[in-house]
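**Q** Just coords07.cif, nothing more (mmCIF, C-alpha atoms):
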```
data_entry
loop_
_atom_site.label_atom_id
_atom_site.label_comp_id
_atom_site.auth_asym_id
_atom_site.auth_seq_id
_atom_site.Cartn_x
_atom_site.Cartn_y
_atom_site.Cartn_z
CA MET T 30 0.00 0.00 0.00
CA GLU T 31 1.49 3.30 -1.11
CA LEU T 32 1.19 6.25 1.24
CA HIS T 33 0.13 9.69 0.06
CA GLU T 34 3.12 11.81 -0.92
CA LEU T 35 2.32 14.31 1.83
CA ASP T 36 2.83 17.47 -0.23
CA LEU T 37 6.36 16.64 -1.35
CA SER T 38 7.93 18.56 -4.20
CA GLU T 39 8.62 16.88 -7.51
CA ASP T 40 12.32 16.79 -6.61
CA ASP T 41 11.56 15.10 -3.29
CA ILE T 42 9.28 12.54 -4.93
CA SER T 43 11.94 11.82 -7.54
CA LEU T 44 14.53 11.40 -4.78
CA ARG T 45 12.30 8.92 -2.96
CA GLN T 46 11.84 6.89 -6.14
CA THR T 47 15.60 6.89 -6.80
CA ILE T 48 16.41 5.78 -3.25
CA ARG T 49 13.71 3.12 -3.28
CA SER T 50 15.16 1.64 -6.47
CA LEU T 51 18.66 1.69 -4.99
CA VAL T 52 17.43 0.08 -1.77
CA ASP T 53 15.56 -2.65 -3.67
CA LYS T 54 18.77 -3.44 -5.55
CA GLU T 55 21.50 -2.99 -2.94
CA VAL T 56 19.91 -3.24 0.52
CA ARG T 57 16.80 -5.39 0.64
CA PRO T 58 18.32 -8.54 -0.93
CA ARG T 59 21.00 -8.72 1.79
CA ALA T 60 19.02 -7.49 4.79
CA ARG T 61 18.34 -10.94 6.25
CA GLU T 62 21.90 -12.08 5.61
CA ILE T 63 23.56 -9.16 7.36
CA ASP T 64 21.21 -9.62 10.31
CA GLU T 65 21.90 -13.33 10.67
CA THR T 66 25.66 -13.06 10.09
CA GLU T 67 26.03 -9.69 11.88
CA SER T 68 28.06 -8.44 8.92
CA PHE T 69 28.65 -4.78 8.05
CA PRO T 70 26.75 -3.60 4.93
CA THR T 71 29.90 -2.79 2.95
CA ASP T 72 28.31 -3.03 -0.51
CA ALA T 73 25.41 -0.78 0.40
CA MET T 74 27.70 1.81 1.97
CA LYS T 75 29.77 1.90 -1.22
CA ALA T 76 26.61 2.38 -3.26
CA PHE T 77 25.54 5.26 -1.01
CA GLY T 78 28.92 6.91 -1.49
CA ASP T 79 28.83 6.45 -5.25
CA LEU T 80 25.41 8.13 -5.40
CA GLY T 81 26.52 10.99 -3.17
CA LEU T 82 24.06 10.21 -0.38
CA PHE T 83 26.58 10.79 2.39
CA GLY T 84 26.91 14.37 1.26
CA ILE T 85 23.22 15.14 1.21
CA LEU T 86 23.58 17.78 3.97
CA THR T 87 27.03 18.98 2.93
CA PRO T 88 27.59 22.18 0.91
CA GLN T 89 28.52 21.69 -2.73
CA GLU T 90 31.93 23.34 -2.30
CA TYR T 91 32.97 20.39 -0.11
CA GLY T 92 31.68 17.69 -2.41
CA GLY T 93 28.13 17.51 -1.11
CA GLY T 94 24.68 17.88 -2.56
CA ASP T 95 23.54 20.85 -0.45
CA GLY T 96 20.25 19.10 0.21
CA THR T 97 17.60 19.62 2.86
CA MET T 98 16.79 17.97 6.17
CA LEU T 99 13.53 16.79 4.60
CA GLN T 100 15.44 15.05 1.80
CA TYR T 101 17.80 13.47 4.32
CA THR T 102 14.78 12.25 6.29
CA ILE T 103 13.32 10.67 3.17
CA VAL T 104 16.59 8.86 2.40
CA ALA T 105 16.99 7.51 5.94
CA GLU T 106 13.37 6.37 6.02
CA GLU T 107 13.62 4.48 2.74
CA ILE T 108 16.80 2.67 3.80
CA ALA T 109 15.31 1.66 7.16
CA ARG T 110 12.18 0.40 5.40
CA ALA T 111 14.36 -2.44 4.12
CA CYS T 112 17.15 -2.69 6.71
CA ALA T 113 17.45 -0.71 9.93
CA ALA T 114 21.06 -1.84 10.45
CA THR T 115 22.12 -0.42 7.11
CA CYS T 116 20.27 2.77 7.96
CA ALA T 117 22.16 3.01 11.27
CA SER T 118 25.46 2.74 9.40
CA TYR T 119 24.33 5.38 6.90
CA ILE T 120 23.10 7.99 9.37
CA THR T 121 26.20 7.54 11.53
CA GLN T 122 28.39 8.58 8.60
CA ILE T 123 26.31 11.76 8.42
CA HIS T 124 26.60 12.31 12.17
CA GLY T 125 30.37 12.04 11.97
CA MET T 126 30.43 14.78 9.35
CA LEU T 127 28.09 17.24 11.06
CA PRO T 128 30.61 18.57 13.63
CA ILE T 129 33.15 19.21 10.88
CA GLN T 130 30.54 21.18 8.95
CA ALA T 131 29.42 23.05 12.06
CA VAL T 132 32.72 24.27 13.52
CA GLY T 133 35.54 22.88 11.37
CA SER T 134 38.12 25.19 9.86
CA GLU T 135 38.28 25.69 6.12
CA GLU T 136 41.32 23.41 6.07
CA GLN T 137 39.51 20.68 8.01
CA LYS T 138 36.44 20.86 5.81
CA THR T 139 38.52 20.69 2.65
CA GLU T 140 40.60 17.80 3.95
CA TRP T 141 37.84 15.58 5.32
CA LEU T 142 34.41 16.33 3.87
CA PRO T 143 34.90 15.45 0.18
CA ALA T 144 36.29 12.01 1.04
CA MET T 145 33.50 11.39 3.53
CA CYS T 146 30.87 12.50 1.02
CA ASP T 147 32.00 9.94 -1.54
CA GLY T 148 32.51 7.24 1.07
CA SER T 149 36.21 6.76 0.50
CA ARG T 150 36.63 7.65 4.18
CA LEU T 151 34.15 6.43 6.76
CA GLY T 152 33.40 8.34 9.91
CA ALA T 153 31.73 7.98 13.28
CA ILE T 154 30.97 10.06 16.35
CA ALA T 155 32.01 9.10 19.88
CA ILE T 156 30.21 10.59 22.88
CA THR T 157 29.00 7.69 25.05
CA GLU T 158 31.28 6.07 27.64
CA PRO T 159 30.84 3.07 29.93
CA ASP T 160 29.71 5.37 32.77
CA ALA T 161 28.56 8.39 30.76
CA GLY T 162 25.64 8.03 28.40
CA THR T 163 23.00 10.71 28.53
CA ASP T 164 24.93 12.32 31.40
CA ILE T 165 27.74 13.66 29.24
CA HIS T 166 28.92 15.77 32.18
CA ALA T 167 30.26 12.48 33.62
CA MET T 168 32.59 11.98 30.64
CA ARG T 169 36.05 10.82 31.74
CA THR T 170 37.98 10.54 28.48
CA ARG T 171 40.59 13.26 28.79
CA ALA T 172 42.62 15.26 26.29
CA VAL T 173 45.75 16.94 27.68
CA ARG T 174 47.65 19.53 25.64
CA ASP T 175 51.27 18.60 25.01
CA GLY T 176 53.00 21.06 22.70
CA ASP T 177 51.47 20.82 19.24
CA ASP T 178 49.45 17.72 20.21
CA TYR T 179 46.76 16.56 22.54
CA VAL T 180 47.22 13.25 24.34
CA ILE T 181 43.87 11.48 24.69
CA THR T 182 43.22 8.64 27.13
CA GLY T 183 39.90 6.99 27.92
CA GLN T 184 37.18 4.64 26.75
CA LYS T 185 34.09 5.00 24.62
CA MET T 186 31.13 2.61 24.44
CA PHE T 187 28.44 1.67 21.90
CA ILE T 188 30.14 3.53 19.04
CA THR T 189 28.35 2.81 15.77
CA ASN T 190 30.76 2.36 12.82
CA GLY T 191 33.60 2.60 15.37
CA GLY T 192 35.39 -0.47 14.06
CA LYS T 193 35.03 0.57 10.40
CA ALA T 194 35.70 4.31 10.56
CA ASP T 195 38.82 6.06 9.30
CA VAL T 196 38.17 9.10 11.46
CA ILE T 197 36.05 9.67 14.54
CA SER T 198 34.60 12.93 15.84
CA LEU T 199 35.44 12.27 19.47
CA PHE T 200 34.45 14.24 22.56
CA ALA T 201 36.94 14.47 25.41
CA ARG T 202 37.40 16.45 28.61
CA THR T 203 39.85 19.37 28.48
CA GLY T 204 38.65 21.08 31.66
CA GLU T 205 36.56 20.52 34.77
CA ASP T 206 33.59 22.81 34.18
CA SER T 207 30.39 20.93 33.34
CA LYS T 208 29.63 23.04 30.25
CA THR T 209 32.97 24.44 29.15
CA GLY T 210 35.20 21.50 29.99
CA LEU T 211 34.51 19.38 26.91
CA SER T 212 36.15 19.66 23.50
CA LEU T 213 35.93 17.81 20.20
CA PHE T 214 38.69 16.17 18.17
CA LEU T 215 39.10 14.39 14.86
CA VAL T 216 40.84 11.17 15.82
CA GLU T 217 42.28 9.09 13.01
CA THR T 218 41.76 5.43 13.79
CA ASP T 219 45.21 4.33 12.63
CA SER T 220 46.79 6.42 15.41
CA PRO T 221 49.05 4.48 17.83
CA GLY T 222 47.19 3.67 21.03
CA PHE T 223 43.75 3.68 19.39
CA THR T 224 41.92 0.35 19.51
CA ALA T 225 38.45 -0.56 18.29
CA LEU T 226 37.38 -3.67 20.19
CA PRO T 227 35.21 -6.44 18.68
CA SER T 228 31.67 -5.57 17.68
CA LEU T 229 29.11 -6.04 20.44
CA PRO T 230 26.37 -8.68 19.90
CA LYS T 231 22.96 -6.97 19.84
CA THR T 232 19.26 -7.85 19.82
CA GLY T 233 18.58 -5.80 16.70
CA ILE T 234 20.35 -3.73 14.02
CA ARG T 235 22.82 -6.59 14.13
CA GLY T 236 24.57 -5.66 10.90
CA SER T 237 25.65 -2.28 12.23
CA ASN T 238 29.14 -2.15 13.69
CA THR T 239 28.81 -1.22 17.38
CA VAL T 240 32.04 -1.30 19.38
CA PRO T 241 33.85 -0.10 22.48
CA LEU T 242 36.87 2.11 21.84
CA SER T 243 40.07 2.24 23.87
CA LEU T 244 42.44 5.20 23.72
CA GLU T 245 45.79 4.83 25.44
CA SER T 246 47.81 8.04 25.19
CA VAL T 247 46.67 8.67 21.62
CA ARG T 248 48.47 11.69 20.16
CA VAL T 249 46.19 13.94 18.14
CA PRO T 250 47.60 17.04 16.42
CA ALA T 251 46.15 20.27 17.82
CA ARG T 252 45.10 21.13 14.27
CA ASN T 253 42.61 18.22 14.57
CA ARG T 254 40.67 19.94 17.32
CA LEU T 255 37.30 21.07 15.99
CA GLY T 256 36.60 24.62 17.05
CA GLU T 257 37.89 26.18 20.23
CA GLU T 258 38.44 24.36 23.49
CA GLY T 259 35.36 24.14 25.64
CA ILE T 260 32.63 24.10 22.99
CA GLY T 261 32.09 20.35 23.21
CA PHE T 262 28.97 20.40 25.38
CA HIS T 263 27.10 22.89 23.21
CA LEU T 264 28.18 21.09 20.06
CA ALA T 265 27.02 17.75 21.47
CA VAL T 266 23.59 19.21 22.14
CA ARG T 267 23.48 20.52 18.57
CA VAL T 268 24.55 17.20 17.04
CA LEU T 269 22.10 15.23 19.19
CA SER T 270 19.25 17.36 17.90
CA ASP T 271 20.06 16.34 14.33
CA ALA T 272 20.63 12.74 15.43
CA ARG T 273 17.19 12.58 17.02
CA LEU T 274 15.54 13.53 13.76
CA SER T 275 17.64 10.82 12.10
CA THR T 276 16.30 8.29 14.60
CA ALA T 277 12.74 9.48 13.98
CA ALA T 278 13.19 8.86 10.26
CA GLN T 279 14.73 5.46 10.92
CA ALA T 280 11.81 4.55 13.18
CA ILE T 281 9.29 5.52 10.50
CA GLY T 282 11.11 3.29 8.02
CA ILE T 283 11.08 0.36 10.45
CA ALA T 284 7.36 0.80 11.12
CA GLN T 285 6.63 1.06 7.40
CA GLY T 286 8.66 -2.06 6.66
CA ALA T 287 6.77 -4.04 9.31
CA TRP T 288 3.45 -2.72 8.00
CA ASP T 289 4.36 -3.71 4.43
CA ILE T 290 4.99 -7.32 5.43
CA ALA T 291 1.90 -7.64 7.63
CA TYR T 292 -0.40 -5.97 5.10
CA ALA T 293 0.77 -8.25 2.30
CA TYR T 294 0.36 -11.29 4.56
CA VAL T 295 -3.27 -10.61 5.53
CA GLN T 296 -4.15 -10.12 1.86
CA GLU T 297 -2.87 -13.61 1.04
CA ARG T 298 -3.70 -15.57 4.19
CA GLU T 299 -7.10 -17.28 4.30
CA ALA T 300 -9.12 -18.51 7.27
CA PHE T 301 -12.60 -19.96 7.31
CA GLY T 302 -12.71 -19.60 3.54
CA HIS T 303 -11.98 -15.88 3.43
CA PRO T 304 -8.90 -13.66 3.18
CA VAL T 305 -7.92 -12.62 6.69
CA SER T 306 -7.99 -8.97 5.55
CA GLU T 307 -11.80 -9.18 5.29
CA PHE T 308 -12.21 -9.75 9.01
CA GLN T 309 -13.31 -6.66 10.90
CA ALA T 310 -10.90 -7.28 13.79
CA VAL T 311 -7.97 -7.41 11.36
CA GLN T 312 -9.07 -4.21 9.65
CA LEU T 313 -9.33 -2.45 13.00
CA ARG T 314 -5.81 -3.54 13.94
CA LEU T 315 -4.47 -2.38 10.58
CA ALA T 316 -6.12 1.00 11.12
CA GLU T 317 -4.55 1.22 14.58
CA MET T 318 -1.16 0.72 12.90
CA TYR T 319 -1.68 2.92 9.84
CA GLY T 320 -3.01 6.01 11.60
CA PRO T 321 -0.13 6.53 14.09
CA LEU T 322 2.43 5.63 11.40
CA THR T 323 1.07 8.35 9.13
CA ALA T 324 0.96 10.82 12.04
CA ALA T 325 4.58 10.00 12.86
CA ARG T 326 5.62 10.67 9.28
CA LEU T 327 3.71 13.96 9.19
CA LEU T 328 5.34 15.08 12.45
CA THR T 329 8.86 14.20 11.32
CA TYR T 330 8.48 15.81 7.91
CA GLN T 331 7.12 18.98 9.49
CA VAL T 332 10.03 19.20 11.95
CA ALA T 333 12.44 18.70 9.05
CA ARG T 334 10.71 21.49 7.12
CA LEU T 335 10.93 23.81 10.12
CA MET T 336 14.64 23.07 10.46
CA ASP T 337 15.15 23.83 6.79
CA ALA T 338 13.22 27.08 6.99
CA LYS T 339 14.44 28.53 10.28
CA GLY T 340 17.59 26.69 11.31
CA ARG T 341 18.25 23.30 12.83
CA THR T 342 19.28 24.54 16.27
CA GLU T 343 15.94 26.28 16.81
CA TYR T 344 13.93 23.07 16.94
CA SER T 345 15.68 20.77 19.40
CA VAL T 346 12.45 20.31 21.40
CA GLU T 347 10.51 19.35 18.29
CA ALA T 348 13.27 16.96 17.14
CA SER T 349 13.20 15.33 20.56
CA LEU T 350 9.43 15.00 20.36
CA ALA T 351 9.65 13.38 16.92
CA LYS T 352 12.27 10.91 18.16
CA GLN T 353 10.12 9.88 21.14
CA TYR T 354 6.89 9.57 19.23
CA CYS T 355 8.31 7.75 16.22
CA GLY T 356 10.32 5.33 18.36
CA ASP T 357 7.21 4.38 20.31
CA ILE T 358 5.18 4.03 17.12
CA ALA T 359 7.83 1.83 15.50
CA MET T 360 7.80 -0.51 18.48
CA ASN T 361 4.00 -0.61 18.55
CA VAL T 362 3.52 -1.12 14.81
CA ALA T 363 6.18 -3.83 14.63
CA SER T 364 4.64 -5.63 17.62
CA GLN T 365 1.17 -5.41 16.08
CA ALA T 366 2.54 -6.74 12.80
CA VAL T 367 3.98 -9.80 14.52
CA GLN T 368 0.67 -10.35 16.32
CA LEU T 369 -1.35 -10.07 13.10
CA MET T 370 0.74 -12.80 11.51
CA GLY T 371 0.51 -15.13 14.49
CA GLY T 372 3.04 -17.94 14.54
CA TYR T 373 4.36 -16.97 11.12
CA GLY T 374 5.17 -13.51 12.44
CA TYR T 375 7.44 -15.11 15.01
CA MET T 376 9.37 -17.03 12.37
CA ARG T 377 12.51 -15.59 10.75
CA GLU T 378 11.30 -16.62 7.31
CA TYR T 379 8.77 -13.78 7.18
CA GLU T 380 11.26 -11.20 8.50
CA VAL T 381 8.74 -9.11 10.42
CA GLU T 382 10.39 -10.36 13.62
CA ARG T 383 13.58 -8.60 12.47
CA PHE T 384 11.71 -5.30 12.29
CA PHE T 385 10.33 -6.01 15.77
CA ARG T 386 13.86 -6.52 17.14
CA ASP T 387 15.20 -3.50 15.27
CA ALA T 388 12.44 -1.19 16.47
CA LYS T 389 13.49 -1.32 20.12
CA ILE T 390 16.75 0.55 19.62
CA THR T 391 14.90 3.63 18.38
CA GLN T 392 13.48 4.02 21.91
CA ILE T 393 16.97 3.76 23.42
CA TYR T 394 19.76 5.47 21.52
CA ASP T 395 20.29 9.20 21.06
CA GLY T 396 18.89 9.48 24.56
CA THR T 397 16.22 7.08 25.80
CA ASN T 398 12.66 8.20 25.19
CA ASP T 399 12.16 8.85 28.90
CA VAL T 400 15.27 11.04 29.03
CA ASN T 401 14.12 12.87 25.92
CA ARG T 402 10.79 13.59 27.58
CA LEU T 403 12.57 15.08 30.58
CA VAL T 404 14.91 17.15 28.41
CA MET T 405 11.99 18.34 26.30
CA MET T 406 10.01 19.51 29.32
CA ARG T 407 13.00 21.26 30.86
CA GLN T 408 13.61 23.11 27.61
CA LEU T 409 9.94 24.06 27.34
CA MET T 410 9.97 25.37 30.91
CA LYS T 411 13.12 27.32 30.15
CA ARG T 412 11.47 28.85 27.07
CA ASP T 413 8.44 29.86 29.12
CA SER T 414 10.59 31.44 31.83
CA LYS T 415 12.11 33.79 29.23
CA LYS T 416 8.74 35.11 28.03
#
```
Represent the structure from my file as structure tokens, please.
**A**
Amino acid sequence: MELHELDLSEDDISLRQTIRSLVDKEVRPRAREIDETESFPTDAMKAFGDLGLFGILTPQEYGGGDGTMLQYTIVAEEIARACAATCASYITQIHGMLPIQAVGSEEQKTEWLPAMCDGSRLGAIAITEPDAGTDIHAMRTRAVRDGDDYVITGQKMFITNGGKADVISLFARTGEDSKTGLSLFLVETDSPGFTALPSLPKTGIRGSNTVPLSLESVRVPARNRLGEEGIGFHLAVRVLSDARLSTAAQAIGIAQGAWDIAYAYVQEREAFGHPVSEFQAVQLRLAEMYGPLTAARLLTYQVARLMDAKGRTEYSVEASLAKQYCGDIAMNVASQAVQLMGGYGYMREYEVERFFRDAKITQIYDGTNDVNRLVMMRQLMKRDSKK
């Protein structure tokens, strides 16, 4: 069942069709395999680079396509509709580039962005630590200035693409203040003392590369610091806002993928001499899935449009709201899809169980949904106090 195009421009509709064709060719045929073998989607990532999809948010002068947040949302959604793990790998490449675009020097942008846009260099972003997830103030990884270098020591945890990346946008402590004591560095992964540990086994998005990182006195040239010392906290907040919209788009794709499988199944399955889709109870359950899924898409597209029109940093509350809502909808729709299909839904052969497993992560990473609710309310209260 095709969804209404929701007032997309001709360019946006054409982009969706192009991505859907690419996904059907390069992503969907291997989705089950990369889940079962927990293998990184190398071929798909190369195809994304060849098509310029990594540069969708990057200015043209640095090798990008100078696209919109709405277009990026459409791309992420279409990839996740076939394979959430591949989508996680894709959006993480974007996340690794965003800090360079935001505060990188002209030299840094020229050196790194073109190669990341075409996929010849893979990136990642490292914020989370074993004892510092949402509470980034508890970050312990430390960068100490030593002449023309910084010496970085610490550990990072749950770093997507961390074992595949050539460069990592890594947050580290350079001072003690909770808001001005963090800085950001481009750490090349072939640096002595840098180790990406084996990929962690996960419930879902199993084909994405998720690793702990160990840094033992890693020397990073001072020229690889992004922006001034002390801007790390504010930059993390900015990047997380974009990341939450990415997760919202991923969640929509997961929900749509689960819906696609369940809807096709009830059309074909017969019981008591009739297609299951003719039963009123089944139609009611389908409606309970379709309505919130469409609402989630409308919300996410509107937030993306607002970001495009008035600036991405202005809508952190709305991005957080989209992430929460879409993550919950993905989990609900995927669960309902499994239930509709009964025993077959629980079998790997029909793949809807993969979407069910994948959906859960969208309620967890980029700040759990509960944490996002708290952050959202605190920001709303702060806004009101300034009126």
**Q** Please build the interface table for segment 146-184 of chain T against segment 260-273 of chain T with a cut-off of 10 Å, listing for each qualifying residue the nearest atom pair and the distance in Å to one decimal; count all atoms listed in the file, order rows by chain and increasing number, and write it as CSV.
**A**
```
residue,atom,partner,partner_atom,distance
T:Ile154,CA,T:Val268,CA,9.6
T:Ile156,CA,T:Ala265,CA,8.0
T:Ile165,CA,T:Phe262,CA,7.9
T:His166,CA,T:Phe262,CA,8.2
```
**Q** Considering all atoms listed in the file, state which residue in the set T:Glu158, T:Glu106, T:Glu55, T:Glu67 is at the smallest distance from Arg235 of chain T.
**A**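 Nearest candidate to Arg235 of chain T out of T:Glu158, T:Glu106, T:Glu55, T:Glu67: T:Glu67.
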**Q** Convert the output of the PyMOL selection byres ((chain T and resi 53) around 12) on the shown file into explicit residues, formatted as a ChimeraX atom specification.
**A** /T:46-52,54-60,73,107-112
**Q** Please, could you write that set of residues out with C-alpha atoms as an mmCIF file, in the frame of the given file?
**A**
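Dumped to out06.cif:
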```
data_model
loop_
_atom_site.group_PDB
_atom_site.id
_atom_site.type_symbol
_atom_site.label_atom_id
_atom_site.label_comp_id
_atom_site.auth_asym_id
_atom_site.auth_seq_id
_atom_site.Cartn_x
_atom_site.Cartn_y
_atom_site.Cartn_z
ATOM 1 C CA GLN T 46 11.840 6.890 -6.140
ATOM 2 C CA THR T 47 15.600 6.890 -6.800
ATOM 3 C CA ILE T 48 16.410 5.780 -3.250
ATOM 4 C CA ARG T 49 13.710 3.120 -3.280
ATOM 5 C CA SER T 50 15.160 1.640 -6.470
ATOM 6 C CA LEU T 51 18.660 1.690 -4.990
ATOM 7 C CA VAL T 52 17.430 0.080 -1.770
ATOM 8 C CA LYS T 54 18.770 -3.440 -5.550
ATOM 9 C CA GLU T 55 21.500 -2.990 -2.940
ATOM 10 C CA VAL T 56 19.910 -3.240 0.520
ATOM 11 C CA ARG T 57 16.800 -5.390 0.640
ATOM 12 C CA PRO T 58 18.320 -8.540 -0.930
ATOM 13 C CA ARG T 59 21.000 -8.720 1.790
ATOM 14 C CA ALA T 60 19.020 -7.490 4.790
ATOM 15 C CA ALA T 73 25.410 -0.780 0.400
ATOM 16 C CA GLU T 107 13.620 4.480 2.740
ATOM 17 C CA ILE T 108 16.800 2.670 3.800
ATOM 18 C CA ALA T 109 15.310 1.660 7.160
ATOM 19 C CA ARG T 110 12.180 0.400 5.400
ATOM 20 C CA ALA T 111 14.360 -2.440 4.120
ATOM 21 C CA CYS T 112 17.150 -2.690 6.710
#
```
**Q** I'd like the contact shell of Thr224 of chain T - 8 Å cut-off, all atoms listed in the file, skipping same-chain residues fewer than 2 positions apart - returned as a PyMOL selection string.
**A** chain T and resi 218+222+226+242-244
**Q** Using the chain letters and numbers from the file, give me the residues hit by the PyMOL selection byres ((chain T and resi 117) around 8), as JSON, numbers by chain.
**A** {"T": [113, 114, 115, 116, 118, 119, 120, 121, 189, 234, 237, 279]}
**Q** If the PyMOL selection byres ((chain T and resi 131) around 10) is run on the structure shown, which residues does it catch, given as a VMD selection string?
**A** chain T and resid 126 to 130 132 to 134 138 255 to 256 264 267 to 268
**Q** Restricting the calculation to only C-alpha atoms, which member of T:Asp206, T:Gln137, T:Leu142, T:Asp40 is positioned closest to Met168 of chain T?
**A**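 Selected residue with least distance to Met168 of chain T: T:Asp206.
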**Q** Between atom CA of Asp289 of chain T and atom CA of Arg334 of chain T, what distance in Å does the model show, to one decimal?
**A**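 Separating atom CA of Asp289 of chain T from atom CA of Arg334 of chain T is a distance of 26.1 Å.
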**Q** Which centre and which edge lengths, in Å to one decimal, describe the axis-aligned box that holds all listed atoms of segment 198-212 of chain T after 6 Å is added on each side, as JSON?
**A**
```
{"center_x": 34.7, "center_y": 18.4, "center_z": 25.3, "size_x": 22.2, "size_y": 24.2, "size_z": 30.9}
```
**Q** Let me make sure I understand: among T:Asp79, T:Gly183, T:Asn190, T:Gly210, which one has the smallest atom-to-atom distance to Ala144 of chain T if we use all atoms listed in the file?
**A**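 With all atoms listed in the file as the atom set, the closest residue is T:Asp79.
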**Q** Could you tell me how far atom CA of Arg150 of chain T sits from atom CA of Arg254 of chain T, in Å to one decimal place?
**A**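 Calculated distance between atom CA of Arg254 of chain T and atom CA of Arg150 of chain T is 18.4 Å.
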**Q** Considering all atoms listed in the file, can you say which of T:Ala155, T:Ile63, T:Leu44, T:Ala316 comes closest to Phe187 of chain T?
**A**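 Comparing T:Ala155, T:Ile63, T:Leu44, T:Ala316 against Phe187 of chain T, the winner is T:Ala155.
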**Q** Glu217 of chain T: which residues within 10 Å, counting all atoms listed in the file, same-chain residues fewer than 3 positions away excluded, as a list in words?
**A**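 Non-adjacent residues within range: Gly152, Ala194, Asp195, Val196, Ile197, Ser198, Leu199, Phe214, Ser220, Pro221, Phe223, Val247, Arg248, Val249 and Asn253 of chain T.
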**Q** Do a neighbour search on segment 382-397 of chain T at 9 Å with only C-alpha atoms, toss out local chain neighbours closer than 2 positions, and write the hits as a PyMOL selection string.
**A** chain T and resi 61+64+110+112-114+162-163+232-235+269-270+272-273+276-277+279-280+283-284+286-287+352-353+355-364+366-367+374-380+399-402
**Q** Between T:Ser246, T:Lys231, T:Met336, T:Phe200, which is the closest to Thr182 of chain T once you count all atoms listed in the file?
**A**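 With all atoms listed in the file as the atom set, the closest residue is T:Ser246.
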**Q** Using only C-alpha atoms, which of the listed residues (T:Thr239, T:Thr203, T:Gln122, T:Thr323) sits closest to Trp288 of chain T?
**A** T:Thr323
